[in-house]
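Encoded as structure tokens, the structure appears first; notes follow it.
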Amino acid sequence: MTVKKMVLLILKTLGILIGIIVVYVAAGYFLPFIEVPAKDDGQKKEIPIYIYTNGVHTDIVMPVKNGLHDWSAKIPFSNTKSKETDYRFVGIGWGDKGFYLDTPTWADLKFSTAFKAAFWLSESAMHCSYYKTMKEGEDCKRIMISRNQYKDLVKFVDEKFDKDANGNYVVVPTNAVYGNNDAFYDAKGTYSFLDTCNTWANNALKAAGQKAAWWTPSDYGIFLHYK
């Protein structure tokens with residue numbers, strides 16, 4: 001291959017990569033504006049759930065225990081550093097295990113971690129955080145849903161956890177937790193730039209019959225429907 005052909009090949013490859021990035025950024029900005037409307041099942045909206053973001057990642061926050069489900073049975077309080085048992089809510093999010101465990105801050109982000117996460121090359125995990133109270137604000141919105149919608153949400157979230165032979169969630173033994181109230185668990189699926197933590201949270205809202213973006217890779221795409 002001549003030098004000229006090699007240069008042309010490199011330029012063509014760069015052009016394709018830049019084109020993909022431009023299309024992705026545009027889709028990530030504009031597609032979230034297409035709203036999937038909430039479904040009214042005719043039942044009383046009596047169960048509070050929350051969408052909560054840390055500025056990048058969205059969690060679905062639910063009551064720890066009610067007459068329909070007890071999350072503490074499979075996400076034991078004893079797996080947190082605090083081991084306290086008076087938490088009232090649990091926030092659950094799905095994401096790339098490398099990001100969760102190896103990137104406590106953006107300054108710790110490695111190219112290898114980002115590359116693997118973007119292109120289906122690493123494992124995923126569930127991040128579960130307990131809370132005693134929830135405070136609504138720009139980063140936290142309450143949504144009231146019916147009992148049947150809550151059952152659908154629980155089913156959606158539960159199915160994303162890896163389980164052992166006895167049906168228990170598989171805790172990830174690590175010291176890379178974010179605080180005294182959280183733990184990580186093995187999960188199903190592979191993270192990618194098309195299927196992100198926020199895409200999963202957005203799909204959880206769809207499963208519960210709530211307003212959601214048609215597709216979104218970001219928390220912005222979820223919260224714009226809950227202003």
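Identifiers for the structure tokens are assigned positionally: chains receive A, B, ... in sequence, residues are indexed from 1 per chain, and ligands are indexed from 1 in the order shown.
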Give one line per residue of stretch 34-87 of chain A that approaches stretch 161-177 of chain A to at most 12 Å, naming the two atoms of the closest pair and their distance in Å to one decimal, counting only C-alpha atoms; sort by chain then ascending residue number and deliver it as CSV.
```
residue,atom,partner,partner_atom,distance
A:Trp71,CA,A:Tyr169,CA,10.7
A:Ser72,CA,A:Tyr169,CA,11.0
A:Ala73,CA,A:Asn168,CA,9.0
A:Lys74,CA,A:Tyr169,CA,6.0
A:Ile75,CA,A:Tyr169,CA,7.3
A:Pro76,CA,A:Val171,CA,9.7
A:Phe77,CA,A:Val171,CA,11.9
A:Ser78,CA,A:Val171,CA,11.1
A:Asn79,CA,A:Val171,CA,7.9
A:Thr80,CA,A:Val177,CA,8.7
A:Lys81,CA,A:Val177,CA,8.8
A:Ser82,CA,A:Val177,CA,11.7
```
Mind the document's chain letters and residue numbers, and return as an mmCIF file with N, CA and C atoms, in the first residue's frame the residues of stretch 90-204 of chain A that DSSP labels helix (DSSP H, G or I).
```cif
data_model
loop_
_atom_site.group_PDB
_atom_site.id
_atom_site.type_symbol
_atom_site.label_atom_id
_atom_site.label_comp_id
_atom_site.auth_asym_id
_atom_site.auth_seq_id
_atom_site.Cartn_x
_atom_site.Cartn_y
_atom_site.Cartn_z
ATOM 1 N N LYS A 97 -19.804 -2.532 35.135
ATOM 2 C CA LYS A 97 -19.103 -2.876 36.376
ATOM 3 C C LYS A 97 -17.766 -2.151 36.487
ATOM 4 N N GLY A 98 -17.069 -1.968 35.375
ATOM 5 C CA GLY A 98 -15.795 -1.266 35.402
ATOM 6 C C GLY A 98 -15.943 0.181 35.840
ATOM 7 N N PHE A 99 -16.965 0.851 35.304
ATOM 8 C CA PHE A 99 -17.232 2.230 35.721
ATOM 9 C C PHE A 99 -17.553 2.275 37.211
ATOM 10 N N TYR A 100 -18.411 1.373 37.650
ATOM 11 C CA TYR A 100 -18.838 1.367 39.037
ATOM 12 C C TYR A 100 -17.674 1.134 40.002
ATOM 13 N N LEU A 101 -16.856 0.127 39.704
ATOM 14 C CA LEU A 101 -15.847 -0.315 40.672
ATOM 15 C C LEU A 101 -14.489 0.359 40.509
ATOM 16 N N ASP A 102 -14.151 0.770 39.293
ATOM 17 C CA ASP A 102 -12.803 1.286 39.033
ATOM 18 C C ASP A 102 -12.747 2.787 38.815
ATOM 19 N N TRP A 106 -14.404 11.067 38.028
ATOM 20 C CA TRP A 106 -14.056 11.181 36.607
ATOM 21 C C TRP A 106 -12.545 11.238 36.410
ATOM 22 N N ALA A 107 -11.817 11.723 37.422
ATOM 23 C CA ALA A 107 -10.356 11.799 37.314
ATOM 24 C C ALA A 107 -9.720 10.419 37.263
ATOM 25 N N ASP A 108 -10.462 9.406 37.732
ATOM 26 C CA ASP A 108 -9.936 8.035 37.739
ATOM 27 C C ASP A 108 -10.288 7.262 36.473
ATOM 28 N N PHE A 111 -8.902 5.111 29.757
ATOM 29 C CA PHE A 111 -9.381 4.894 28.392
ATOM 30 C C PHE A 111 -9.875 3.467 28.211
ATOM 31 N N SER A 112 -9.153 2.498 28.788
ATOM 32 C CA SER A 112 -9.529 1.094 28.631
ATOM 33 C C SER A 112 -10.915 0.825 29.223
ATOM 34 N N THR A 113 -11.216 1.450 30.368
ATOM 35 C CA THR A 113 -12.523 1.275 30.997
ATOM 36 C C THR A 113 -13.622 1.851 30.124
ATOM 37 N N ALA A 114 -13.400 3.052 29.618
ATOM 38 C CA ALA A 114 -14.400 3.708 28.767
ATOM 39 C C ALA A 114 -14.600 2.939 27.464
ATOM 40 N N PHE A 115 -13.516 2.456 26.874
ATOM 41 C CA PHE A 115 -13.600 1.738 25.602
ATOM 42 C C PHE A 115 -14.383 0.439 25.772
ATOM 43 N N LYS A 116 -14.056 -0.312 26.822
ATOM 44 C CA LYS A 116 -14.759 -1.572 27.066
ATOM 45 C C LYS A 116 -16.239 -1.330 27.314
ATOM 46 N N ALA A 117 -16.538 -0.284 28.092
ATOM 47 C CA ALA A 117 -17.935 0.020 28.403
ATOM 48 C C ALA A 117 -18.713 0.403 27.153
ATOM 49 N N ALA A 118 -18.087 1.166 26.272
ATOM 50 C CA ALA A 118 -18.785 1.666 25.085
ATOM 51 C C ALA A 118 -19.065 0.579 24.063
ATOM 52 N N ARG A 147 -50.654 -0.222 42.113
ATOM 53 C CA ARG A 147 -50.115 -1.493 42.604
ATOM 54 C C ARG A 147 -49.672 -2.385 41.439
ATOM 55 N N ASN A 148 -50.488 -2.458 40.402
ATOM 56 C CA ASN A 148 -50.116 -3.285 39.252
ATOM 57 C C ASN A 148 -48.892 -2.729 38.532
ATOM 58 N N GLN A 149 -48.803 -1.411 38.437
ATOM 59 C CA GLN A 149 -47.643 -0.799 37.817
ATOM 60 C C GLN A 149 -46.386 -1.066 38.645
ATOM 61 N N TYR A 150 -46.550 -1.056 39.965
ATOM 62 C CA TYR A 150 -45.404 -1.357 40.828
ATOM 63 C C TYR A 150 -44.962 -2.810 40.655
ATOM 64 N N LYS A 151 -45.906 -3.723 40.529
ATOM 65 C CA LYS A 151 -45.567 -5.124 40.288
ATOM 66 C C LYS A 151 -44.764 -5.269 38.996
ATOM 67 N N ASP A 152 -45.175 -4.546 37.955
ATOM 68 C CA ASP A 152 -44.460 -4.596 36.678
ATOM 69 C C ASP A 152 -43.049 -4.025 36.820
ATOM 70 N N LEU A 153 -42.919 -2.956 37.615
ATOM 71 C CA LEU A 153 -41.608 -2.354 37.843
ATOM 72 C C LEU A 153 -40.695 -3.316 38.600
ATOM 73 N N VAL A 154 -41.211 -3.921 39.645
ATOM 74 C CA VAL A 154 -40.429 -4.886 40.428
ATOM 75 C C VAL A 154 -39.960 -6.034 39.542
ATOM 76 N N LYS A 155 -40.840 -6.534 38.696
ATOM 77 C CA LYS A 155 -40.488 -7.633 37.791
ATOM 78 C C LYS A 155 -39.360 -7.209 36.849
ATOM 79 N N PHE A 156 -39.456 -6.013 36.312
ATOM 80 C CA PHE A 156 -38.437 -5.511 35.384
ATOM 81 C C PHE A 156 -37.080 -5.409 36.081
ATOM 82 N N VAL A 157 -37.057 -4.813 37.266
ATOM 83 C CA VAL A 157 -35.800 -4.623 37.989
ATOM 84 C C VAL A 157 -35.229 -5.961 38.431
ATOM 85 N N ASP A 158 -36.062 -6.821 38.991
ATOM 86 C CA ASP A 158 -35.610 -8.129 39.478
ATOM 87 C C ASP A 158 -34.960 -8.969 38.375
ATOM 88 N N CYS A 197 -26.726 3.166 31.453
ATOM 89 C CA CYS A 197 -27.431 3.120 32.733
ATOM 90 C C CYS A 197 -28.746 3.897 32.660
ATOM 91 N N ASN A 198 -28.730 5.010 31.962
ATOM 92 C CA ASN A 198 -29.936 5.828 31.850
ATOM 93 C C ASN A 198 -30.949 5.224 30.886
ATOM 94 N N THR A 199 -30.465 4.525 29.866
ATOM 95 C CA THR A 199 -31.370 3.801 28.974
ATOM 96 C C THR A 199 -32.157 2.771 29.771
ATOM 97 N N TRP A 200 -31.448 2.085 30.684
ATOM 98 C CA TRP A 200 -32.105 1.074 31.524
ATOM 99 C C TRP A 200 -33.148 1.715 32.428
ATOM 100 N N ALA A 201 -32.804 2.814 33.086
ATOM 101 C CA ALA A 201 -33.759 3.493 33.971
ATOM 102 C C ALA A 201 -34.965 3.984 33.182
ATOM 103 N N ASN A 202 -34.736 4.491 31.992
ATOM 104 C CA ASN A 202 -35.820 4.942 31.128
ATOM 105 C C ASN A 202 -36.741 3.784 30.760
ATOM 106 N N ASN A 203 -36.141 2.623 30.476
ATOM 107 C CA ASN A 203 -36.935 1.435 30.154
ATOM 108 C C ASN A 203 -37.708 0.933 31.368
ATOM 109 N N ALA A 204 -37.152 1.151 32.570
ATOM 110 C CA ALA A 204 -37.863 0.766 33.793
ATOM 111 C C ALA A 204 -39.156 1.576 33.921
#
```
Subject >> Residue among A:Ala38, A:Met62, A:Leu68, A:Ala208 lying closest to A:Val90, counting only C-alpha atoms >> reply: A:Met62
Subject >> A:Met144 environment, 8 Å, only C-alpha atoms, sequence neighbours closer than 4 positions dropped, as a list in words >> reply: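 Selected residues are Lys45, Glu46, Ile47, Pro48 and Ile49 of chain A.
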Excluding same-chain residues fewer than 3 positions from A:Val36, what lies within 6 Å of it counting only C-alpha atoms, as a PDB file with all heavy atoms, in the first residue's frame?
```pdb
ATOM      1  N   LYS A 211     -44.333   8.006  32.065  1.00  0.00           N
ATOM      2  CA  LYS A 211     -43.747   8.828  31.015  1.00  0.00           C
ATOM      3  C   LYS A 211     -42.267   8.508  30.869  1.00  0.00           C
ATOM      4  O   LYS A 211     -41.561   8.304  31.856  1.00  0.00           O
ATOM      5  CB  LYS A 211     -43.891  10.316  31.343  1.00  0.00           C
ATOM      6  CG  LYS A 211     -45.284  10.865  31.274  1.00  0.00           C
ATOM      7  CD  LYS A 211     -45.275  12.380  31.442  1.00  0.00           C
ATOM      8  CE  LYS A 211     -44.709  12.784  32.793  1.00  0.00           C
ATOM      9  NZ  LYS A 211     -44.725  14.260  32.987  1.00  0.00           N
ATOM     10  N   ALA A 212     -41.803   8.512  29.633  1.00  0.00           N
ATOM     11  CA  ALA A 212     -40.396   8.224  29.385  1.00  0.00           C
ATOM     12  C   ALA A 212     -39.999   8.770  28.030  1.00  0.00           C
ATOM     13  O   ALA A 212     -40.851   9.135  27.218  1.00  0.00           O
ATOM     14  CB  ALA A 212     -40.134   6.714  29.433  1.00  0.00           C
ATOM     15  N   ALA A 213     -38.720   8.833  27.794  1.00  0.00           N
ATOM     16  CA  ALA A 213     -38.216   9.211  26.476  1.00  0.00           C
ATOM     17  C   ALA A 213     -38.313   8.000  25.555  1.00  0.00           C
ATOM     18  O   ALA A 213     -38.239   6.850  26.009  1.00  0.00           O
ATOM     19  CB  ALA A 213     -36.761   9.677  26.580  1.00  0.00           C
ATOM     20  N   TRP A 214     -38.457   8.252  24.275  1.00  0.00           N
ATOM     21  CA  TRP A 214     -38.454   7.138  23.310  1.00  0.00           C
ATOM     22  C   TRP A 214     -37.149   6.365  23.413  1.00  0.00           C
ATOM     23  O   TRP A 214     -37.140   5.144  23.418  1.00  0.00           O
ATOM     24  CB  TRP A 214     -38.648   7.697  21.898  1.00  0.00           C
ATOM     25  CG  TRP A 214     -38.775   6.627  20.860  1.00  0.00           C
ATOM     26  CD1 TRP A 214     -39.866   5.839  20.610  1.00  0.00           C
ATOM     27  CD2 TRP A 214     -37.768   6.216  19.919  1.00  0.00           C
ATOM     28  NE1 TRP A 214     -39.594   4.961  19.575  1.00  0.00           N
ATOM     29  CE2 TRP A 214     -38.320   5.185  19.133  1.00  0.00           C
ATOM     30  CE3 TRP A 214     -36.459   6.638  19.658  1.00  0.00           C
ATOM     31  CZ2 TRP A 214     -37.597   4.550  18.120  1.00  0.00           C
ATOM     32  CZ3 TRP A 214     -35.741   6.024  18.648  1.00  0.00           C
ATOM     33  CH2 TRP A 214     -36.311   4.988  17.894  1.00  0.00           C
TER      34      TRP A 214
END
```
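If you measure from each of A:Thr53, A:Ser218, A:Ser129, A:Gln210 to A:Ala183 using only C-alpha atoms, the closest one turns out to be A:Ser129.
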